[in-house]
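Step one of this worksheet: look at the structure below.
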Amino acid sequence: MKQETTRIAPDQVAAQLEFCRKIHALNETRPQSRLALVDTYGCQQNEADSERIRGYLAQMGYGFTQNEDEAGVIVLNTCAIRAHAEDRVLGNVGALVHVKRRRPDQILCLCGCMAQEDHVAEKIRRSYRHVDLVFGPHALWRFPELLWRVMSRRGRVFDHSEEPGSIAEGIPVVRQGGVKAWVSIMYGCNNFCSYCIVPYVRGRERSREPEAVLDEIRALAAAGYRDITLLGQNVNSYGRDLDGGMDFAGLLRAANEIPGEFLLRFMTSHPKDASQALFETMARCEKVAPVFHLPFQAGSTRVLAAMNRRYTREGYLDKVRALRAQIPDVVLTSDVIVGFPGETAGEFEETMSLIEEVRFDALFTFIYSPRKGTPAAELPDPMDRAEKLAEFQRLVAVQDKISEEKHAAYIGRTVRCLVDGADEKGLTARTPGNRLVRLAGDESLIGRFVPVTITGANKWSLFGEAAQ
Ligand code: SAH
Ligand code: SF4
Ligand code: F3S
């Protein structure tokens with residue numbers, strides 16, 4: 001069913017830029033710090049949102065700092081996916097009260113997925129009175145206006161009303177990723193997996209117009225970005241809400257045509273929508289990296305049904321076979337949840353056997369965390385935390401061994417890698433499948449694709465030498 005997406009009119013975004021200019025002018029008259037600190041929690045979608053917040057802040061004349069004592073504005077862009085993520089944020093917000101005592105003029109903003117939850121916003125209102133501005137992902141496009149209200153009136157502002165979700169184009173961006181860039185192609189999620197908070201805080205699925213996405217990729221390629229990741233909670237349903245018939249495979253084909261030397265990646269794919277057409281498109285498009293993140297969440301068909309995932313164990317394994325038939329050396333990664341309410345010991349063994357059968361290159365493992373307002377949070381959950389932790393550790397140990405074996409198989413091979421940065425241990429690079437490679441070499445190689453001979457490996461990374 002098609003839903004109407006609210007597209008924010010260009011003059012409304014222009015009005016936000018006008019608020020940026022007003023803040024800029026106001027700051028000219030005041031002694032306050034012109035530095036901002038933006039701290040991001042959570043997934044790549046949040047990283048991409050923070051780049052837009054930085055874009056707005058730069059328009060207001062702010063530079064950036066990591067030092068909270070120096071900052072005139074602090075923005076915490078938060079994540080609500082698990083209790084641990086929320087606890088970390090609340091701990092940091094609590095600690096910032098001391099900074100605010102030293103710097104009463106500092107403005108503290110809390111945004112992102114946690115801020116969209118009413119019960120969190122209420123808690124901030126009551127117990128964290130040093131927080132000046134709270135706004136959810138729906139209100140991000142009007143951040144300048146909200147900040148202006150705080151600054152001009154010195155009152156607290158809360159904007160976390162529930163909305164189906166909108167799309168705003170033309171928000172300025174300050175990118176952080178060096179030669180890597182994120183491009184959101186869609187927002188929100190319609191899947192309502194029974195454990196997951198995302199559809200409640202990010203609204204309904206909505207796609208950006210293909211021209212807007214392709215223009216952004218074109219500009220990134222022209223500016224020298226080498227590794228471009230298309231983002232959405234479920235990229236495989238891209239375009240379903242658009243007129244014109246462009247689907248995700250079509251978008252990838254069009255992006256692949258854009259001139260330039262760059263790789264295209266995407267995440268995340270929902271197994272129910274990952275199609276044969278997509279696998280064939282990937283195999284045919286030379287810019288699309290041979291890597292696929294396909295979360296399976298659980299190995300038992302009964303648990304998958306309770307999770308509302310809408311595929312079975314066999315259905316998942318069929319998708320993996322179909323993908324590998326198209327791209328035999330595809331790097332396959334996944335997410336899994338341990339300790340879903342009511343999962344039995346036997347059902348957990350099905351998760352273990354699926355891992356052994358598929359042999360993922362890497363796995364992101366999570367212990368189930370009840371999220372207020374989701375159906376799974378109402379289910380009886382008799383298993384205690386210690387038992388879940390024991391299962392979790394068993395699973396991680398098995399996967400570590402698989403990851404290590406998969407990495408060891410690279411030794412002796414020469415792989416074309418993108419050198420993407422440097423740290424105290426030397427250069428870092430990525431294989432086309434996004435495996436981390438460490439190598440010695442000159443920083444002038446950053447941003448270049450170079451053949452690297454792999455000489456060593458452990459479970460986290462590969463070690464190599466630039467081949468001559
Ligand atoms: N849209 C993506 C995932 C986004 S959240 C997808 O559908 O695959 C990233 C991962 O966090 C999920 O894949 C899931 O494994 C995990 N996760 C989500 N909610 C969780 C919860 N309540 N407890 C534990 N892990 C959770
Ligand atoms: Fe959450 Fe499921 Fe949507 Fe992923 S697909 S964001 S796990 S509801
Ligand atoms: Fe977290 Fe929101 Fe992403 S809940 S995982 S930041 S969509």
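So you can find residues: chains in the structure tokens are A, B, ... in the order shown, residues in each start at 1, and ligands are numbered from 1 in order.
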- Task: Name the residues, by chain letter and number, that sit within 6 Å of ligand 3 using only C-alpha atoms and all ligand atoms, and give them as a PyMOL selection string.
- Result: chain A and resi 42-43+45-46+79-81+113+198
- Task: Write out as a PyMOL selection string the residues lying within 12 Å of Ile124 of chain A, counting only C-alpha atoms and excluding same-chain residues fewer than 6 positions away.
- Result: chain A and resi 89-90+93-94+108-111+114-118+130-135+156-158
For the interface of chain A with ligand 2 (cut-off 8 Å, counting only C-alpha atoms and all ligand atoms), please tabulate each contacting residue of chain A alongside its nearest pair of atoms and their separation in Å to one decimal, rows sorted by chain and increasing number, as CSV.
```
residue,atom,partner,partner_atom_place_in_ligand_line,distance
A:Gly188,CA,ligand 2,6 (S),7.7
A:Cys189,CA,ligand 2,3 (Fe),4.8
A:Asn190,CA,ligand 2,3 (Fe),6.3
A:Asn191,CA,ligand 2,8 (S),4.7
A:Phe192,CA,ligand 2,8 (S),4.1
A:Cys193,CA,ligand 2,8 (S),4.2
A:Ser194,CA,ligand 2,8 (S),7.2
A:Tyr195,CA,ligand 2,1 (Fe),7.6
A:Cys196,CA,ligand 2,1 (Fe),4.6
A:Ile197,CA,ligand 2,1 (Fe),6.5
A:Val198,CA,ligand 2,6 (S),5.0
A:Pro199,CA,ligand 2,8 (S),5.7
A:Gln233,CA,ligand 2,6 (S),5.0
A:Asn234,CA,ligand 2,5 (S),6.0
A:Thr268,CA,ligand 2,4 (Fe),7.7
A:His270,CA,ligand 2,5 (S),6.2
A:Arg309,CA,ligand 2,2 (Fe),7.1
```
- Could you give me, as a PyMOL selection string, the residues within 12 Å of Trp148 of chain A, counting only C-alpha atoms and dropping anything in the same chain fewer than 6 positions from it? chain A and resi 16-27+57+60+107+132-133+142+154-157
- Message: Which residue is closest to ligand 1? Choose from A:Thr5, A:Ser161, A:Thr455, A:Ser369 and count only C-alpha atoms and all ligand atoms.
- Response: A:Ser369
- Straight-line distance linking atom CA of Pro341 of chain A with atom 10 (C, counted along the ligand's line) of ligand 1, stated in Å to one decimal: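 Separating atom CA of Pro341 of chain A from atom 10 (C, counted along the ligand's line) of ligand 1 is a distance of 16.3 Å.
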